[in-house]
Every structure is written in C-alpha cells, then in structure tokens.
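What follows is the content of final.txt (compact mmCIF, C-alpha atoms and all ligand atoms).
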# COMPACT_ATOMS: atom_id res chain seq x y z
CA MET R 171 0.00 0.00 0.00
CA VAL R 172 1.40 3.40 -0.97
CA LYS R 173 1.56 5.98 1.85
CA GLU R 174 2.02 9.67 1.23
CA LEU R 175 4.78 11.32 3.28
CA ARG R 176 4.17 15.05 3.15
CA ILE R 177 7.45 16.97 3.42
CA GLY R 178 7.85 20.45 4.89
CA MET R 179 11.29 21.62 3.76
CA LEU R 180 12.98 24.30 5.81
CA GLY R 181 15.66 25.90 3.66
CA CYS R 182 16.02 26.36 -0.06
CA GLY R 183 19.79 26.48 -0.36
CA PHE R 184 22.44 23.80 -0.80
CA MET R 185 20.91 21.19 1.48
CA GLY R 186 17.35 22.10 0.52
CA LYS R 187 18.33 21.06 -3.00
CA ALA R 188 20.18 17.88 -1.96
CA HIS R 189 17.26 16.76 0.24
CA SER R 190 14.49 17.67 -2.24
CA ASN R 191 16.25 15.63 -4.91
CA ALA R 192 16.66 12.72 -2.50
CA TRP R 193 12.98 12.70 -1.47
CA LEU R 194 11.94 12.58 -5.13
CA GLN R 195 14.44 9.88 -6.06
CA VAL R 196 14.24 7.50 -3.13
CA PRO R 197 11.11 5.55 -4.20
CA HIS R 198 12.54 5.15 -7.71
CA PHE R 199 15.53 3.18 -6.47
CA PHE R 200 14.60 1.62 -3.13
CA PRO R 201 11.65 -0.52 -2.13
CA THR R 202 9.46 1.66 0.09
CA GLN R 203 5.77 2.07 0.61
CA TYR R 204 6.27 5.81 1.13
CA ARG R 205 5.74 8.37 -1.62
CA PRO R 206 7.31 11.65 -0.48
CA VAL R 207 5.24 14.67 -1.52
CA LEU R 208 6.96 18.08 -1.59
CA LYS R 209 4.26 20.01 0.21
CA ALA R 210 5.81 23.25 1.46
CA CYS R 211 9.14 24.98 1.44
CA TYR R 212 10.44 27.75 3.72
CA GLY R 213 13.08 30.39 2.98
CA ARG R 214 13.62 33.82 4.52
CA GLN R 215 11.69 36.81 3.20
CA GLU R 216 15.03 38.34 2.13
CA ASP R 217 15.72 35.21 0.07
CA ARG R 218 12.21 35.18 -1.43
CA LYS R 219 13.29 35.31 -5.07
CA GLN R 220 15.49 32.28 -4.54
CA LEU R 221 12.69 30.57 -2.60
CA GLU R 222 10.17 31.07 -5.42
CA GLU R 223 12.58 29.78 -8.08
CA PHE R 224 13.51 26.84 -5.88
CA ALA R 225 9.89 25.89 -5.17
CA ALA R 226 8.99 26.08 -8.87
CA ARG R 227 12.02 24.04 -9.96
CA TRP R 228 11.44 21.22 -7.47
CA GLY R 229 7.66 21.26 -7.61
CA TYR R 230 6.77 22.38 -4.09
CA GLU R 231 3.04 22.94 -3.73
CA SER R 232 3.46 26.07 -1.57
CA ILE R 233 6.02 28.40 0.01
CA GLU R 234 6.28 29.99 3.46
CA THR R 235 8.59 32.70 4.79
CA ASP R 236 7.69 31.89 8.41
CA TRP R 237 9.11 28.50 9.40
CA ARG R 238 6.60 28.16 12.26
CA LYS R 239 3.76 27.96 9.73
CA VAL R 240 5.42 24.95 8.06
CA VAL R 241 5.95 23.23 11.39
CA GLN R 242 2.34 23.76 12.44
CA ARG R 243 0.60 22.88 9.19
CA PRO R 244 -1.62 19.79 9.61
CA ASP R 245 -0.86 18.70 6.03
CA ILE R 246 2.86 18.18 6.85
CA ASP R 247 4.09 14.81 8.21
CA LEU R 248 7.85 15.38 8.17
CA VAL R 249 9.87 18.53 8.86
CA ASP R 250 13.24 18.56 7.09
CA VAL R 251 15.63 21.01 8.76
CA CYS R 252 18.01 22.43 6.13
CA VAL R 253 18.45 25.89 7.64
CA PRO R 254 21.55 27.29 9.36
CA ASN R 255 22.66 25.88 12.69
CA HIS R 256 21.30 28.64 14.97
CA MET R 257 17.74 27.67 13.95
CA HIS R 258 18.00 23.91 14.58
CA HIS R 259 17.18 24.13 18.31
CA ASP R 260 13.92 26.08 18.10
CA VAL R 261 12.77 24.39 14.91
CA VAL R 262 13.35 20.84 16.14
CA ILE R 263 11.65 21.49 19.48
CA ALA R 264 8.62 23.09 17.77
CA ALA R 265 8.44 20.23 15.25
CA ALA R 266 8.63 17.62 18.01
CA GLU R 267 5.86 19.38 19.95
CA ALA R 268 3.76 19.38 16.77
CA GLY R 269 4.30 15.60 16.49
CA LYS R 270 6.24 15.74 13.21
CA ILE R 271 8.81 13.24 11.99
CA ILE R 272 12.14 15.11 12.01
CA VAL R 273 15.13 15.12 9.68
CA CYS R 274 17.82 17.51 10.94
CA GLU R 275 20.96 18.58 9.15
CA LYS R 276 24.27 18.53 10.96
CA PRO R 277 25.70 19.89 13.18
CA LEU R 278 22.94 19.05 15.62
CA ALA R 279 22.98 22.49 17.28
CA LEU R 280 25.13 25.44 18.31
CA ASN R 281 26.32 23.53 21.38
CA ALA R 282 25.61 20.45 23.49
CA LYS R 283 23.25 22.30 25.85
CA GLU R 284 20.95 23.09 22.95
CA GLY R 285 21.38 19.53 21.72
CA GLU R 286 20.29 18.10 25.08
CA GLU R 287 17.09 20.16 24.98
CA MET R 288 16.37 18.97 21.44
CA VAL R 289 16.94 15.33 22.36
CA ALA R 290 14.66 15.73 25.40
CA ALA R 291 11.93 17.21 23.15
CA VAL R 292 12.02 14.45 20.51
CA GLU R 293 12.16 11.73 23.16
CA LYS R 294 9.22 13.25 25.06
CA ALA R 295 7.21 13.49 21.84
CA GLY R 296 8.34 10.02 20.70
CA VAL R 297 8.77 11.20 17.11
CA PRO R 298 11.06 9.35 14.67
CA ASN R 299 14.14 11.43 13.94
CA MET R 300 17.46 11.40 12.14
CA VAL R 301 20.51 13.64 11.79
CA SER R 302 21.99 13.94 8.32
CA PHE R 303 25.54 12.68 8.72
CA ASN R 304 25.18 11.50 5.16
CA TYR R 305 28.78 10.39 4.66
CA ARG R 306 28.01 7.17 6.55
CA ARG R 307 25.98 6.29 3.45
CA VAL R 308 28.82 6.69 0.95
CA PRO R 309 29.13 3.06 -0.18
CA ALA R 310 32.94 3.10 0.21
CA ILE R 311 32.62 4.45 3.78
CA ALA R 312 29.99 1.82 4.63
CA LEU R 313 32.43 -0.77 3.21
CA PHE R 314 35.19 0.76 5.38
CA LYS R 315 32.98 0.01 8.40
CA GLN R 316 32.22 -3.50 7.12
CA LEU R 317 35.94 -4.32 6.75
CA ILE R 318 36.59 -3.19 10.33
CA ASP R 319 33.63 -5.22 11.62
CA GLU R 320 34.94 -8.28 9.72
CA GLY R 321 38.17 -8.00 11.74
CA ARG R 322 40.37 -6.99 8.79
CA VAL R 323 42.07 -4.10 10.63
CA GLY R 324 42.64 -5.87 13.94
CA ARG R 325 44.00 -3.94 16.88
CA VAL R 326 43.83 -0.25 15.96
CA PHE R 327 46.79 2.04 16.65
CA HIS R 328 46.03 5.17 14.65
CA TYR R 329 43.13 7.15 13.18
CA ARG R 330 43.94 10.16 11.00
CA ALA R 331 41.34 12.55 9.57
CA THR R 332 41.45 15.72 7.50
CA TYR R 333 38.66 17.90 6.20
CA ASN R 334 40.11 20.78 4.21
CA GLN R 335 38.74 23.44 1.89
CA ASP R 336 40.06 26.75 0.52
CA TYR R 337 37.15 29.10 -0.11
CA THR R 338 37.73 31.68 2.65
CA ILE R 339 41.38 32.56 2.00
CA SER R 340 40.54 35.97 0.53
CA ALA R 341 39.90 38.64 3.17
CA LYS R 342 37.30 40.05 0.76
CA VAL R 343 34.92 37.12 1.34
CA PRO R 344 32.14 38.62 3.49
CA GLN R 345 30.47 36.94 6.44
CA GLY R 346 26.69 36.44 6.69
CA GLY R 347 23.93 35.63 4.19
CA LEU R 348 23.38 32.58 2.03
CA ALA R 349 26.20 30.05 2.40
CA LEU R 350 28.46 32.64 4.11
CA TRP R 351 26.53 32.46 7.39
CA ARG R 352 29.21 29.81 8.09
CA LEU R 353 31.65 32.64 8.86
CA ASP R 354 29.30 34.26 11.38
CA ALA R 355 29.57 32.54 14.79
CA ARG R 356 26.12 33.74 15.90
CA VAL R 357 24.55 31.73 13.09
CA ALA R 358 27.05 28.89 12.69
CA GLY R 359 28.06 28.36 16.35
CA SER R 360 31.64 27.65 15.34
CA GLY R 361 33.76 27.53 12.20
CA VAL R 362 35.36 24.42 10.77
CA THR R 363 34.82 22.52 14.03
CA GLY R 364 31.02 22.40 13.76
CA ASP R 365 30.85 22.60 9.99
CA LEU R 366 33.51 20.11 8.85
CA LEU R 367 35.00 18.31 11.85
CA ALA R 368 31.49 17.34 13.00
CA HIS R 369 31.46 15.06 9.93
CA SER R 370 34.97 13.73 10.68
CA ILE R 371 34.06 13.08 14.33
CA ASP R 372 30.79 11.32 13.48
CA THR R 373 32.59 9.06 11.01
CA ALA R 374 35.53 8.46 13.37
CA GLU R 375 33.32 7.40 16.29
CA TRP R 376 31.22 5.22 13.99
CA LEU R 377 34.32 3.47 12.65
CA ASN R 378 36.63 3.45 15.67
CA GLY R 379 34.42 3.90 18.74
CA PRO R 380 34.15 6.72 21.27
CA ILE R 381 36.73 9.49 21.69
CA LYS R 382 37.69 9.85 25.36
CA ALA R 383 39.73 13.06 25.37
CA VAL R 384 40.93 15.80 23.04
CA ALA R 385 43.64 18.50 22.93
CA ALA R 386 43.01 21.19 20.33
CA HIS R 387 44.33 24.36 18.75
CA THR R 388 42.28 26.71 16.61
CA GLU R 389 43.22 29.76 14.51
CA THR R 390 41.33 32.64 12.94
CA PHE R 391 43.50 33.95 10.12
CA VAL R 392 41.28 36.81 8.92
CA LYS R 393 40.22 38.76 11.99
CA GLU R 394 37.61 41.09 10.47
CA ARG R 395 35.24 40.80 7.52
CA VAL R 396 32.40 42.85 6.11
CA HIS R 397 29.04 41.45 7.21
CA ALA R 398 26.93 40.95 4.09
CA GLU R 399 23.72 41.81 5.93
CA THR R 400 24.78 44.89 7.97
CA GLY R 401 27.44 46.21 5.55
CA GLN R 402 29.68 46.82 8.60
CA VAL R 403 33.19 45.44 9.15
CA GLU R 404 32.78 43.01 12.05
CA LYS R 405 35.10 40.84 14.11
CA VAL R 406 35.33 37.23 12.92
CA THR R 407 34.85 34.88 15.85
CA ILE R 408 34.73 31.49 14.15
CA ASP R 409 37.66 29.09 13.98
CA ASP R 410 39.12 29.22 10.45
CA ALA R 411 41.28 26.18 11.17
CA CYS R 412 41.33 23.55 13.90
CA MET R 413 43.69 20.72 14.71
CA PHE R 414 43.23 18.29 17.54
CA LEU R 415 44.70 15.16 19.06
CA ALA R 416 42.31 12.46 20.25
CA ILE R 417 42.50 9.45 22.52
CA PHE R 418 39.95 6.76 21.65
CA ALA R 419 38.41 4.40 24.21
CA ASN R 420 39.95 1.42 22.33
CA GLY R 421 43.44 2.75 23.14
CA SER R 422 44.22 4.10 19.67
CA ILE R 423 45.26 7.70 19.12
CA GLY R 424 44.06 10.08 16.45
CA THR R 425 44.79 13.35 14.69
CA PHE R 426 42.15 15.59 13.13
CA GLU R 427 42.79 18.62 10.94
CA SER R 428 40.36 21.00 9.30
CA THR R 429 40.80 24.34 7.57
CA ARG R 430 39.25 26.52 4.87
CA TYR R 431 42.75 27.79 3.98
CA ALA R 432 44.27 24.77 2.22
CA ARG R 433 44.77 26.21 -1.27
CA GLY R 434 43.55 23.70 -3.85
CA ARG R 435 41.55 21.55 -1.44
CA LYS R 436 37.81 21.74 -2.10
CA ASN R 437 36.15 19.04 -0.05
CA TYR R 438 39.17 17.07 1.07
CA ASN R 439 37.54 14.75 3.58
CA THR R 440 40.00 11.92 4.14
CA PHE R 441 40.59 9.38 6.85
CA GLU R 442 42.87 6.44 7.46
CA ILE R 443 42.95 3.73 10.07
CA ASN R 444 46.02 1.66 10.87
CA GLY R 445 45.75 -1.67 12.68
CA ASP R 446 48.00 -4.68 13.16
CA ARG R 447 46.18 -6.65 10.41
CA GLY R 448 45.66 -3.90 7.87
CA SER R 449 45.02 -0.27 7.02
CA ILE R 450 42.17 1.45 5.20
CA TYR R 451 42.12 4.89 3.56
CA PHE R 452 39.29 6.95 2.07
CA ASP R 453 39.25 10.30 0.22
CA LEU R 454 35.88 11.90 -0.55
CA GLU R 455 37.33 13.49 -3.69
CA ASN R 456 37.56 9.89 -5.02
CA PRO R 457 34.35 8.62 -3.44
CA HIS R 458 34.02 5.33 -5.26
CA ILE R 459 37.50 4.11 -4.27
CA LEU R 460 38.45 2.44 -1.00
CA GLU R 461 42.14 1.78 -0.42
CA PHE R 462 42.92 -1.29 1.66
CA PHE R 463 46.26 -2.70 2.78
CA ARG R 464 45.79 -6.35 3.71
CA TYR R 465 48.59 -7.77 5.84
CA GLU R 466 46.88 -10.56 7.78
CA ASP R 467 43.40 -12.06 7.45
CA PRO R 468 40.97 -12.33 10.38
CA ASP R 469 41.80 -16.07 10.69
CA GLY R 470 45.45 -15.14 11.35
CA ARG R 471 46.73 -16.13 7.89
CA ARG R 472 49.45 -13.80 6.56
CA VAL R 473 49.09 -12.51 3.02
CA GLU R 474 52.19 -13.65 1.11
CA SER R 475 54.60 -10.75 1.32
CA HIS R 476 55.46 -10.60 -2.40
CA ILE R 477 51.81 -9.75 -3.19
CA THR R 478 51.03 -7.42 -0.30
CA GLY R 479 50.38 -3.81 -1.22
CA TRP R 480 47.64 -1.20 -1.20
CA GLN R 481 44.65 -2.35 -3.24
CA LYS R 482 42.11 0.06 -4.68
CA ILE R 483 38.61 -1.36 -4.39
CA HIS R 484 36.23 0.14 -6.95
CA VAL R 485 33.12 0.19 -4.75
CA THR R 486 30.51 -0.44 -7.44
CA GLN R 487 29.81 -4.16 -7.14
CA SER R 488 26.32 -5.30 -6.21
CA GLU R 489 27.85 -6.91 -3.07
CA HIS R 490 28.97 -3.46 -1.89
CA PRO R 491 26.72 -1.45 0.46
CA TYR R 492 23.79 0.25 -1.35
CA MET R 493 25.15 -0.56 -4.84
CA LYS R 494 22.62 -3.22 -5.77
CA HIS R 495 20.01 -0.45 -5.82
CA TRP R 496 21.97 1.57 -8.39
CA TRP R 497 23.73 0.64 -11.61
CA VAL R 498 25.69 -2.28 -13.05
CA PRO R 499 29.20 -2.93 -11.66
CA GLY R 500 31.72 -0.29 -12.72
CA CYS R 501 29.17 2.54 -12.90
CA THR R 502 29.77 5.04 -10.12
CA ILE R 503 27.33 7.03 -8.02
CA GLY R 504 28.02 10.46 -6.50
CA TYR R 505 27.42 12.99 -3.76
CA GLU R 506 23.65 13.29 -4.17
CA HIS R 507 23.22 9.55 -3.70
CA THR R 508 24.45 9.74 -0.10
CA PHE R 509 21.24 11.61 0.77
CA ILE R 510 19.09 9.16 -1.18
CA ASN R 511 20.75 6.21 0.57
CA SER R 512 20.18 7.96 3.92
CA PHE R 513 16.48 8.55 3.27
CA ALA R 514 16.09 4.96 2.06
CA ASP R 515 17.43 3.71 5.40
CA PHE R 516 15.30 6.22 7.31
CA LEU R 517 12.11 5.21 5.48
CA ALA R 518 12.98 1.56 6.07
CA SER R 519 13.26 2.32 9.80
CA LEU R 520 9.81 3.98 9.70
CA GLU R 521 8.50 0.78 8.13
CA GLY R 522 9.83 -1.34 11.02
CA GLY R 523 13.37 -1.94 9.74
CA PRO R 524 16.57 -1.39 11.74
CA LYS R 525 16.60 1.78 13.85
CA PHE R 526 18.17 4.63 11.90
CA GLN R 527 21.53 5.91 13.08
CA PRO R 528 22.52 8.54 13.85
CA ASP R 529 19.35 9.86 15.47
CA LEU R 530 19.39 13.05 17.53
CA HIS R 531 20.37 11.13 20.65
CA SER R 532 23.53 9.69 19.14
CA ALA R 533 24.39 12.90 17.24
CA LEU R 534 24.56 14.61 20.64
CA ARG R 535 27.85 12.76 21.24
CA THR R 536 29.40 14.41 18.19
CA GLN R 537 28.21 17.76 19.52
CA ARG R 538 29.86 17.01 22.87
CA VAL R 539 33.15 16.18 21.16
CA CYS R 540 32.92 19.45 19.16
CA ASP R 541 32.29 21.38 22.39
CA ALA R 542 35.27 19.64 24.04
CA VAL R 543 37.52 20.52 21.07
CA LEU R 544 36.56 24.21 21.31
CA GLU R 545 36.96 24.22 25.10
CA SER R 546 40.41 22.66 24.77
CA ALA R 547 41.41 25.26 22.19
CA ARG R 548 40.25 28.02 24.60
CA THR R 549 41.90 26.61 27.73
CA HIS R 550 44.95 24.91 26.17
CA GLN R 551 44.13 21.85 28.28
CA TRP R 552 43.16 18.28 27.47
CA VAL R 553 39.38 17.93 27.81
CA GLU R 554 37.61 14.66 28.56
CA ILE R 555 34.32 13.85 26.85
CA PRO R 556 31.53 12.70 29.16
CA GLU R 557 30.25 9.19 28.27
N1 LIG E 601 25.29 17.01 5.46
C1 LIG E 601 26.11 17.81 4.81
O1 LIG E 601 27.10 17.40 4.24
C2 LIG E 601 25.83 19.30 4.78
C3 LIG E 601 26.34 20.09 3.73
C4 LIG E 601 26.03 21.45 3.73
C5 LIG E 601 25.26 22.01 4.74
N2 LIG E 601 24.81 21.21 5.76
C6 LIG E 601 23.98 21.79 6.84
O2 LIG E 601 22.71 22.13 6.28
C7 LIG E 601 22.19 23.31 6.91
C8 LIG E 601 21.88 24.34 5.81
O3 LIG E 601 23.06 24.64 5.09
P1 LIG E 601 23.03 25.13 3.55
O4 LIG E 601 24.43 25.01 3.03
O5 LIG E 601 21.95 24.42 2.84
O6 LIG E 601 22.66 26.67 3.73
P2 LIG E 601 22.30 27.73 2.58
O7 LIG E 601 22.97 29.01 2.97
O8 LIG E 601 22.56 27.17 1.22
O9 LIG E 601 20.71 27.91 2.73
C9 LIG E 601 20.20 28.46 3.92
C10 LIG E 601 18.68 28.49 3.94
O10 LIG E 601 18.25 28.92 5.23
C11 LIG E 601 17.54 30.17 5.17
N3 LIG E 601 18.08 31.02 6.28
C12 LIG E 601 17.43 31.26 7.42
N4 LIG E 601 18.16 32.06 8.24
C13 LIG E 601 19.28 32.34 7.58
C14 LIG E 601 20.44 33.13 7.92
N5 LIG E 601 20.54 33.79 9.07
N6 LIG E 601 21.43 33.17 7.02
C15 LIG E 601 21.35 32.50 5.85
N7 LIG E 601 20.28 31.75 5.48
C16 LIG E 601 19.24 31.68 6.35
C17 LIG E 601 17.82 30.74 3.78
O11 LIG E 601 16.69 31.46 3.33
C18 LIG E 601 18.06 29.45 2.96
O12 LIG E 601 16.83 28.93 2.53
C19 LIG E 601 23.25 23.74 7.91
O13 LIG E 601 22.94 23.26 9.19
C20 LIG E 601 24.54 23.08 7.40
O14 LIG E 601 25.50 22.83 8.43
C21 LIG E 601 25.08 19.88 5.78
Output the file's structure in the form of structure tokens.
Ligand SMILES: NC(=O)c1ccc[n+]([C@@H]2O[C@H](COP(=O)([O-])OP(=O)(O)OC[C@H]3O[C@@H](n4cnc5c(N)ncnc54)[C@H](O)[C@@H]3O)[C@@H](O)[C@H]2O)c1
Amino acid sequence: MVKELRIGMLGCGFMGKAHSNAWLQVPHFFPTQYRPVLKACYGRQEDRKQLEEFAARWGYESIETDWRKVVQRPDIDLVDVCVPNHMHHDVVIAAAEAGKIIVCEKPLALNAKEGEEMVAAVEKAGVPNMVSFNYRRVPAIALFKQLIDEGRVGRVFHYRATYNQDYTISAKVPQGGLALWRLDARVAGSGVTGDLLAHSIDTAEWLNGPIKAVAAHTETFVKERVHAETGQVEKVTIDDACMFLAIFANGSIGTFESTRYARGRKNYNTFEINGDRGSIYFDLENPHILEFFRYEDPDGRRVESHITGWQKIHVTQSEHPYMKHWWVPGCTIGYEHTFINSFADFLASLEGGPKFQPDLHSALRTQRVCDAVLESARTHQWVEIPE
C-alpha cells in the first residue's frame, strides 16, 4: 500500500536542493511504501526570489517565509531542517511538539546544551528522527565500516582525519547571508569545528568507537570581515582552522585537521585507520575508491609478502553497500546519492526496519566532542568527553 509522506522543507539552499532531490528519487531506487510529496518549502523573506525559483524548480506545492507555519501545518508529516545551525534548536523542538517526523541537518545544534534540549523534546514526543551525517551512506565508507567489523584491521593504533577546503582565503569574502553564514559565529556556532569536523568526528566514532579526550588548537586567520547583511566590518569569531589530538576508548590515538585555507583543497575529507592486520584509507574526492592494505586475514593467515600492497577497491559491485540499488558494476554514483541512501534507510526504519543511526540522541555525542575541542582550544588543556 502506498503511503504519502508530506514533506515540509525548511531551507532552499544547498541542502534544501540535496534533500528535495533525495525525497523525489528514493522511491525510484529503493523498495518503500512511502511516496514523499513536496508540500511546502520555507526560505527567509530576504531570500524570497530564490525561494520562489527553488519551489517552482522542485515542484513544491506552496512556500512559506515563516518557518513556524510549516511546522504547524496539519498537512505536513515530516519537517526537514536544512536551515543554518542557529535555527535547529527552536525548529526541532517546535516540530517535536507538533508531532512531526524530524530530519535535521548537521551539526545538531550550536552547542551540546541546545542539543540536550532537542533530544529531550524528541524523546518526550516520541517522534522518529534522524541527523543527516550523510557520509556514513557513501558506499565506500559503509564498506570501510564493514571491513573493520569483519576484523580486517585488527587492533587499531592510529586514526587520522582531514577535512580541508580553501574558499575563505581571501579577506574580501564577506560573512553572513546565504552560504556565508558559516563565517558568522552567531549563526554557525563555530567555524570548521562544527561545519567540517562534526562530519569527521561522526565518522571516526562510527568506525573506531568513542573518543575519550581531546587537545586542540584553533586559529582565525582573517580577523575582520564585512558582514553581508549589515554592511559593517565586524570581528570574525569562528575558527578558520582547527587541529586536535584524540584518545579513543579502544586505546588508539588520532589526529584531526580542518581548515578553509588549504589552497587547492575543495572538499578534502580523508581518513585512514592503521591496525595490526591492515590499514584502510578513504578520500571523498575519489568517493568510489576504498584503499585497503591487507597484511593478515581475520583467521590469522598472513598474506604472502610478495603480493602485499595497497589495493584500490572500486566500490561499485552489487555486493557493496547500497550498490545493488543503483547501476551495473563499474558505474559510479556520486554525492547526491548519499542523501538518497540515507532517506532509504530512514524510510525503512519507519516501516519497522533497523533503527536509523545517527538519530538526535547519538548525534549529541558528536556535539559534545565538538564542544570539548573548542573548550580545549580556549583553555589549552586536554578535555575529557563525558560518556
Ligand atoms: N550534510 C552535509 O554534508 C551538509 C552540507 C552542507 C550544509 N549542511 C547543513 O545544512 C544546513 C543548511 O546549510 P546550507 O548550506 O543548505 O545553507 P544555505 O545558505 O545554502 O541555505 C540556507 C537556507 O536557510 C535560510 N536562512 C534562514 N536564516 C538564515 C540566515 N541567518 N542566514 C542565511 N540563510 C538563512 C535561507 O533562506 C536558505 O533557505 C546547515 O545546518 C549546514 O550545516 C550539511
């Protein structure tokens, strides 16, 4: 039986587009009884032209410039939160109180205190919810996890993550407004820590277990920028770059680096794990490739040394995570598919399948690690993360 799932989209920018596309595509590729219907879309009054074009292009039935109207409309089943971080708290709590299913973009909130209140609200309301750490649904990253779970890495010694970009090097880039709200701490909460390292931390804890403690340093290279909305030169209070050391509960140690000042790097999200049996490496700029160094198999058998070496797995076989829903082996999928894969898993969980992860409750951990990183950078001390 086909069930309509009426979507209220909050945000008509980058993620609004990625999510709208995913809602429309998911029933074409995955078995689901749900038929998402793009019911209403919110954007700010000042972004109204963009909102109207967006709604027409994606086929939204209506637009709103007051997000509360979307949340309260009785013809909306699911609220999809694709607005900047400072809105997540109020929006999610209002949506939970209105009994809506909730999809929330990362980072969960501006800080863990907000996150706790959001988790309390969704748990009180008992509404299904997910946080969009979509990289878990890159097939090569899901295969990374599978190889670890199969025992192919063994005892882990090191975890190494980078998430680098280069689009804020010029001091002429303003802060504030569409996309550039990321440079305004009041709207973003933090800089690369919440925006980019939140992804790296979510993936790291998923692959390698909880982080126990962190020691961080942050830097703001351009101290003042024009604010696009006020026209005034204002102090920049986000972290432009952040590096931190991490101790994992499994005894391994990690390094994390993120910046928007790495000339030539666009979305350089990489991570590597080194264990006694093998190593695995992933680079989002080559998303269909997983690099694996196989030294010893889980049964203790050594790979003959004359044929050991890094192998590049082209993650497009039907045996690979998600790939049987897409094309024939050898045909790659891309960035937009990570959102479609995510919604497929979320809809499956609504239909009684495995509980979707991460939900708001588990995304709160990532927020706590982000808070600890920023506290460590402020105090120059190691900071432990509460369990
Ligand atoms: N999962 C991912 O990989 C990923 C990627 C990009 C963004 N995100 C997250 O998605 C959310 C939205 O990001 P985006 O890149 O789509 O944003 P965007 O700038 O492209 O769009 C922002 C939308 O929010 C509205 N808005 C409301 N208040 C605003 C304000 N003060 N400043 C600017 N816009 C405002 C705008 O009208 C617009 O519709 C953020 O929480 C971000 O962290 C996640």
One-decimal distance in Å that lies between CA of Gly379 (chain R) and CA of Pro309 (chain R):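 Going from CA of Pro309 (chain R) over to CA of Gly379 (chain R), I get 19.7 Å.
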Point (25.5, 8.4, 15.8), cut-off 9 Å, counting only C-alpha atoms, residues as an NGL selection string: :R and (301 or 303 or 372-373 or 375-376 or 527-536)
Near-Asn378 (chain R) list (9 Å; only C-alpha atoms; drop same-chain fewer than 5 positions) as a VMD selection string: chain R and resid 315 318 326 329 373 418 to 420 422 443
Within 6 Å of ligand LIG 601 (chain E) (all atoms listed in the file), residues as an MDAnalysis selection string: chainID R and resid 181:186 213:214 217 252:255 275:277 302:304 347:349 351 365
Pick from R:Tyr431, R:Phe516, R:Phe224, R:Phe509 nearest to Val308 (chain R), counting all atoms listed in the file: R:Phe509
